[in-house]
$ cat start.csv   # CSV, C-alpha atoms
chain,number,residue,atom,x,y,z
A,1,ASP,CA,-12.9,7.9,-15.5
A,2,GLY,CA,-12.2,4.5,-13.9
A,3,GLY,CA,-10.7,4.4,-10.5
A,4,ILE,CA,-11.1,4.2,-6.8
A,5,THR,CA,-12.7,7.0,-4.8
A,6,GLN,CA,-12.6,7.6,-1.1
A,7,SER,CA,-14.6,10.1,0.9
A,8,PRO,CA,-14.3,12.2,2.8
A,9,LYS,CA,-10.7,13.4,2.4
A,10,TYR,CA,-10.7,14.5,6.0
A,11,LEU,CA,-12.9,13.2,8.8
A,12,PHE,CA,-13.1,14.3,12.4
A,13,ARG,CA,-14.3,11.9,15.2
A,14,LYS,CA,-15.5,12.8,18.6
A,15,GLU,CA,-14.8,10.5,21.6
A,16,GLY,CA,-17.2,7.6,21.6
A,17,GLN,CA,-18.4,8.2,18.1
A,18,ASN,CA,-18.6,5.7,15.2
A,19,VAL,CA,-17.6,7.0,11.8
A,20,THR,CA,-17.8,5.4,8.4
A,21,LEU,CA,-15.3,5.8,5.6
A,22,SER,CA,-16.5,5.3,2.1
A,23,CYS,CA,-14.6,3.4,-0.7
A,24,GLU,CA,-16.0,2.9,-4.2
A,25,GLN,CA,-14.4,1.5,-7.3
A,26,ASN,CA,-15.7,1.2,-10.9
A,27,LEU,CA,-12.8,-1.0,-12.1
A,28,ASN,CA,-14.9,-4.2,-11.8
A,29,HIS,CA,-12.3,-5.5,-9.4
A,30,ASP,CA,-13.2,-8.5,-7.3
A,31,ALA,CA,-11.1,-7.8,-4.2
A,32,MET,CA,-11.0,-4.8,-2.0
A,33,TYR,CA,-8.8,-3.9,1.0
A,34,TRP,CA,-8.5,-1.4,3.8
A,35,TYR,CA,-5.1,-0.4,5.2
A,36,ARG,CA,-4.1,2.0,7.9
A,37,GLN,CA,-0.9,4.1,7.7
A,38,ASP,CA,0.6,5.9,10.7
A,39,PRO,CA,3.3,8.5,10.3
A,40,GLY,CA,6.6,7.0,9.4
A,41,GLN,CA,5.1,3.5,9.3
A,42,GLY,CA,4.2,1.0,6.6
A,43,LEU,CA,0.7,0.1,5.6
A,44,ARG,CA,-1.1,-2.3,7.9
A,45,LEU,CA,-4.1,-4.4,6.8
A,46,ILE,CA,-7.4,-3.9,8.6
A,47,TYR,CA,-9.9,-6.0,6.5
A,48,TYR,CA,-10.1,-7.4,3.0
A,49,SER,CA,-12.8,-8.9,0.8
A,50,GLN,CA,-12.2,-11.2,-2.1
A,51,ILE,CA,-15.9,-11.5,-3.1
A,52,VAL,CA,-19.2,-9.9,-2.4
A,53,ASN,CA,-20.8,-10.7,1.0
A,54,ASP,CA,-17.5,-12.1,2.3
A,55,PHE,CA,-14.6,-10.5,4.1
A,56,GLN,CA,-11.6,-11.5,6.3
A,57,LYS,CA,-9.9,-9.8,9.2
A,58,GLY,CA,-6.4,-8.4,8.6
A,59,ASP,CA,-3.7,-7.8,11.2
A,60,ILE,CA,-5.4,-5.0,13.0
A,61,ALA,CA,-9.1,-5.6,12.7
A,62,GLU,CA,-10.0,-4.8,16.3
A,63,GLY,CA,-12.2,-1.7,16.6
A,64,TYR,CA,-13.2,-1.8,13.0
A,65,SER,CA,-16.0,-3.3,10.9
A,66,VAL,CA,-16.8,-3.6,7.2
A,67,SER,CA,-19.5,-4.7,4.8
A,68,ARG,CA,-19.4,-5.8,1.2
A,69,GLU,CA,-22.9,-5.8,-0.1
A,70,LYS,CA,-22.0,-4.6,-3.5
A,71,LYS,CA,-18.9,-5.4,-5.7
A,72,GLU,CA,-18.2,-1.6,-6.1
A,73,SER,CA,-18.4,-0.6,-2.4
A,74,PHE,CA,-16.4,-1.6,0.7
A,75,PRO,CA,-17.2,0.9,3.6
A,76,LEU,CA,-15.1,0.9,6.7
A,77,THR,CA,-16.6,1.8,10.1
A,78,VAL,CA,-14.2,3.0,12.8
A,79,THR,CA,-16.0,2.2,16.1
A,80,SER,CA,-15.6,3.7,19.5
A,81,ALA,CA,-13.7,0.6,20.5
A,82,GLN,CA,-10.8,1.7,18.4
A,83,LYS,CA,-8.9,3.7,20.9
A,84,ASN,CA,-6.3,5.2,18.6
A,85,PRO,CA,-8.0,5.9,15.3
A,86,THR,CA,-6.0,8.9,14.2
A,87,ALA,CA,-4.3,7.7,10.9
A,88,PHE,CA,-4.4,7.8,7.1
A,89,TYR,CA,-6.8,5.2,5.8
A,90,LEU,CA,-6.3,3.7,2.4
A,91,CYS,CA,-8.6,1.6,0.4
A,92,ALA,CA,-7.3,-0.6,-2.5
A,93,SER,CA,-8.7,-3.0,-5.0
A,94,SER,CA,-7.3,-5.7,-7.3
A,95,ILE,CA,-8.4,-8.2,-9.9
A,96,ASP,CA,-7.6,-11.9,-9.7
A,97,THR,CA,-5.6,-12.3,-12.9
A,98,PRO,CA,-2.4,-14.4,-12.4
A,99,GLY,CA,0.6,-12.3,-12.8
A,100,ARG,CA,-1.4,-9.1,-12.5
A,101,GLU,CA,-2.3,-9.0,-8.8
A,102,THR,CA,-1.4,-5.3,-8.6
A,103,GLN,CA,-3.4,-3.3,-6.1
A,104,TYR,CA,-4.6,0.1,-6.9
A,105,PHE,CA,-5.2,2.7,-4.2
A,106,GLY,CA,-7.7,5.4,-3.6
A,107,PRO,CA,-6.6,8.8,-2.5
A,108,GLY,CA,-7.1,8.1,1.2
A,109,THR,CA,-9.0,9.5,4.2
A,110,ARG,CA,-7.3,11.2,7.1
A,111,LEU,CA,-9.1,10.6,10.3
A,112,LEU,CA,-8.5,12.9,13.3
A,113,VAL,CA,-9.9,12.6,16.8
A,114,LEU,CA,-11.2,15.7,18.4
B,1,ARG,CA,12.0,-11.1,11.9
B,2,LYS,CA,9.9,-8.6,10.1
B,3,GLU,CA,8.3,-9.8,6.9
B,4,VAL,CA,9.6,-7.0,4.7
B,5,GLU,CA,12.5,-4.8,5.7
B,6,GLN,CA,13.9,-1.7,4.2
B,7,ASP,CA,16.4,0.9,5.1
B,8,PRO,CA,14.2,3.9,6.0
B,9,GLY,CA,16.8,6.4,4.8
B,10,PRO,CA,16.6,9.2,4.1
B,11,PHE,CA,18.8,9.0,1.0
B,12,ASN,CA,19.9,12.5,0.0
B,13,VAL,CA,21.4,12.5,-3.5
B,14,PRO,CA,22.2,15.2,-6.0
B,15,GLU,CA,20.4,15.5,-9.3
B,16,GLY,CA,21.9,13.1,-11.9
B,17,ALA,CA,23.1,10.6,-9.3
B,18,THR,CA,22.4,6.9,-9.3
B,19,VAL,CA,20.9,5.5,-6.2
B,20,ALA,CA,19.9,2.0,-5.2
B,21,PHE,CA,17.6,0.6,-2.6
B,22,ASN,CA,17.5,-2.9,-1.2
B,23,CYS,CA,14.7,-4.8,0.5
B,24,THR,CA,14.7,-8.2,2.2
B,25,TYR,CA,11.7,-10.5,2.7
B,26,SER,CA,11.4,-13.3,5.2
B,27,ASN,CA,8.9,-15.7,3.5
B,28,SER,CA,10.7,-17.8,0.9
B,29,ALA,CA,7.4,-18.8,-0.6
B,30,SER,CA,6.5,-15.2,-1.6
B,31,GLN,CA,4.9,-15.1,-5.0
B,32,SER,CA,5.2,-11.6,-6.4
B,33,PHE,CA,7.2,-8.5,-5.7
B,34,PHE,CA,6.6,-4.8,-6.4
B,35,TRP,CA,7.9,-1.4,-5.9
B,36,TYR,CA,5.4,1.3,-5.1
B,37,ARG,CA,6.1,5.0,-4.9
B,38,GLN,CA,4.4,7.2,-2.3
B,39,ASP,CA,4.5,11.0,-2.3
B,40,CYS,CA,4.0,12.9,0.9
B,41,ARG,CA,0.4,12.7,2.1
B,42,LYS,CA,-0.7,10.8,-1.0
B,43,GLU,CA,-1.6,7.2,-1.8
B,44,PRO,CA,0.9,4.6,-2.9
B,45,LYS,CA,1.2,4.2,-6.7
B,46,LEU,CA,2.7,1.2,-8.5
B,47,LEU,CA,6.1,2.0,-9.8
B,48,MET,CA,7.0,-1.4,-11.2
B,49,SER,CA,6.6,-5.1,-10.7
B,50,VAL,CA,9.7,-7.1,-10.1
B,51,TYR,CA,10.4,-10.2,-12.2
B,52,SER,CA,12.9,-13.0,-11.6
B,53,SER,CA,14.8,-12.1,-14.8
B,54,GLY,CA,15.0,-8.4,-13.7
B,55,ASN,CA,13.2,-5.6,-15.5
B,56,GLU,CA,13.8,-2.1,-16.6
B,57,ASP,CA,11.5,0.8,-17.2
B,58,GLY,CA,13.4,3.9,-18.4
B,59,ARG,CA,15.7,5.0,-15.6
B,60,PHE,CA,14.4,2.4,-13.2
B,61,THR,CA,15.7,-1.1,-12.9
B,62,ALA,CA,14.4,-3.8,-10.5
B,63,GLN,CA,16.1,-7.0,-9.6
B,64,LEU,CA,14.9,-10.1,-7.6
B,65,ASN,CA,17.3,-12.5,-5.9
B,66,ARG,CA,15.2,-15.4,-4.6
B,67,ALA,CA,18.2,-17.3,-3.2
B,68,SER,CA,19.1,-14.4,-0.9
B,69,GLN,CA,15.5,-13.2,-0.6
B,70,TYR,CA,16.0,-9.6,-1.5
B,71,ILE,CA,14.8,-7.2,-4.2
B,72,SER,CA,16.4,-4.0,-5.3
B,73,LEU,CA,15.6,-0.8,-7.2
B,74,LEU,CA,18.1,1.2,-9.1
B,75,ILE,CA,17.3,4.8,-10.2
B,76,ARG,CA,19.7,6.3,-12.7
B,77,ASP,CA,20.0,10.0,-13.5
B,78,SER,CA,17.9,11.1,-10.5
B,79,LYS,CA,15.4,13.9,-11.0
B,80,LEU,CA,14.0,16.2,-8.5
B,81,SER,CA,10.6,14.6,-9.2
B,82,ASP,CA,12.0,11.3,-8.0
B,83,SER,CA,11.8,12.6,-4.4
B,84,ALA,CA,9.4,10.3,-2.6
B,85,THR,CA,9.1,7.3,-0.4
B,86,TYR,CA,9.7,3.9,-2.1
B,87,LEU,CA,7.8,1.0,-0.7
B,88,CYS,CA,8.9,-2.6,-1.1
B,89,VAL,CA,5.9,-4.8,-1.4
B,90,VAL,CA,5.5,-8.6,-1.4
B,91,LEU,CA,2.5,-10.8,-2.3
B,92,LEU,CA,2.7,-14.0,-0.2
B,93,THR,CA,0.1,-16.0,-2.0
B,94,ALA,CA,-1.1,-15.8,-5.7
B,95,GLY,CA,-4.5,-14.3,-6.3
B,96,ASN,CA,-6.5,-11.6,-4.6
B,97,THR,CA,-4.7,-11.7,-1.3
B,98,PRO,CA,-3.3,-8.8,0.8
B,99,LEU,CA,0.1,-7.3,0.1
B,100,VAL,CA,2.8,-7.0,2.7
B,101,PHE,CA,4.4,-3.6,2.8
B,102,GLY,CA,7.8,-2.5,3.9
B,103,LYS,CA,7.9,0.8,5.8
B,104,GLY,CA,9.5,2.5,2.9
B,105,THR,CA,12.8,4.2,2.0
B,106,ARG,CA,12.7,8.0,1.7
B,107,LEU,CA,14.6,9.6,-1.2
B,108,SER,CA,15.4,13.3,-1.5
B,109,VAL,CA,16.9,14.4,-4.7
B,110,ILE,CA,18.7,17.8,-4.3
B,111,ALA,CA,19.4,20.4,-7.0

$ encode --input "start.csv" --output "structure tokens"
Amino acid sequence: DGGITQSPKYLFRKEGQNVTLSCEQNLNHDAMYWYRQDPGQGLRLIYYSQIVNDFQKGDIAEGYSVSREKKESFPLTVTSAQKNPTAFYLCASSIDTPGRETQYFGPGTRLLVL
Amino acid sequence: RKEVEQDPGPFNVPEGATVAFNCTYSNSASQSFFWYRQDCRKEPKLLMSVYSSGNEDGRFTAQLNRASQYISLLIRDSKLSDSATYLCVVLLTAGNTPLVFGKGTRLSVIA
């Protein structure tokens, strides 16, 4: 099946620990995105990548890092510098076809701090 | 002014009712508009794109008013399964650029 997968579904982080969230897509989409959603809030953009080996900061990039070494993969690392990492993290992808810029989302990862 | 604003609700409506949500956006140069649906603790899923001429998909109708900078979603004959949060989403620049999300409007359809 084609789609976007995220793992793990739940992730627990200890104080001072870096954790990496996985996002993989087999849709042959060029662009990938990471969003964070807090309870009762909208989605906020962390990082996005329009092409392999290139990415841009979003609105709340501090405390996060990403890489885009392969078209299919866009992992997100939550570093110890992110002081309030508990949230629902959503990865999305899109294809650059005019009039079809729809983004498709993975099932998300819930990150909890112990 | 927030880029995309929605009434958070909740809207509690009986089965079979018609319900409408509005959303305003601040950037007049916005390119594309969408409604996404998000179920509790799930990812957002595209419900429908919103075109200038308005568009309909079954019980759902979306309208765009560029002059007043708002979009709307009308749901007719509400079903229990329509209960969800509806996100108004705007694409500021054409191409593979990030979407801007409203905080969502929560709908509960009651039997």

$ residues_around --input "start.csv" --residues "Arg66 of chain B" --least-positions-apart "5" --cutoff "12 Å" --atoms "all atoms listed in the file" --output "list in words"
Cys23, Thr24, Tyr25, Ser26, Asn27, Ser28, Ala29, Ser30, Gln31, Ser32, Phe33, Val50, Tyr51, Ser52, Ser53, Gly54, Ile71 and Ser72 of chain B

$ write_last_selection --input "start.csv" --atoms "C-alpha atoms" --output "compact mmCIF listing (two decimals), in the frame of the given file"
# COMPACT_ATOMS: atom_id res chain seq x y z
CA CYS B 23 14.70 -4.80 0.50
CA THR B 24 14.70 -8.20 2.20
CA TYR B 25 11.70 -10.50 2.70
CA SER B 26 11.40 -13.30 5.20
CA ASN B 27 8.90 -15.70 3.50
CA SER B 28 10.70 -17.80 0.90
CA ALA B 29 7.40 -18.80 -0.60
CA SER B 30 6.50 -15.20 -1.60
CA GLN B 31 4.90 -15.10 -5.00
CA SER B 32 5.20 -11.60 -6.40
CA PHE B 33 7.20 -8.50 -5.70
CA VAL B 50 9.70 -7.10 -10.10
CA TYR B 51 10.40 -10.20 -12.20
CA SER B 52 12.90 -13.00 -11.60
CA SER B 53 14.80 -12.10 -14.80
CA GLY B 54 15.00 -8.40 -13.70
CA ILE B 71 14.80 -7.20 -4.20
CA SER B 72 16.40 -4.00 -5.30

$ closest_residue --input "start.csv" --among "B:Lys79, B:Arg106, B:Lys42, B:Arg59" --to "chain A" --atoms "all atoms listed in the file"
B:Lys42

$ closest_atom_pairs --input "start.csv" --of "chain A" --to "chain B" --cutoff "6 Å" --atoms "all atoms listed in the file" --output "CSV"
residue,atom,partner,partner_atom,distance
A:Ala31,CA,B:Asn96,CA,6.0
A:Gln41,CA,B:Lys103,CA,5.2
A:Gly42,CA,B:Lys103,CA,3.8
A:Leu43,CA,B:Phe101,CA,5.9
A:Asp96,CA,B:Gly95,CA,5.2
A:Pro107,CA,B:Glu43,CA,5.3

$ atom_distance --input "start.csv" --atom1 "atom CA of Pro39 of chain A" --atom2 "atom CA of Gln25 of chain A"
25.9 Å

$ atom_distance --input "start.csv" --atom1 "atom CA of Asn55 of chain B" --atom2 "atom CA of Gly3 of chain A"
26.4 Å

$ residues_around --input "start.csv" --residues "Ser83 of chain B" --least-positions-apart "6" --cutoff "8 Å" --atoms "only C-alpha atoms" --output "PyMOL selection string"
chain B and resi 39+106-109

$ atom_distance --input "start.csv" --atom1 "atom CA of Glu15 of chain B" --atom2 "atom CA of Gly40 of chain A"
24.7 Å

$ closest_residue --input "start.csv" --among "B:Phe11, B:Gln6, B:Ala111, B:Thr18" --to "Leu74 of chain B" --atoms "only C-alpha atoms"
B:Thr18
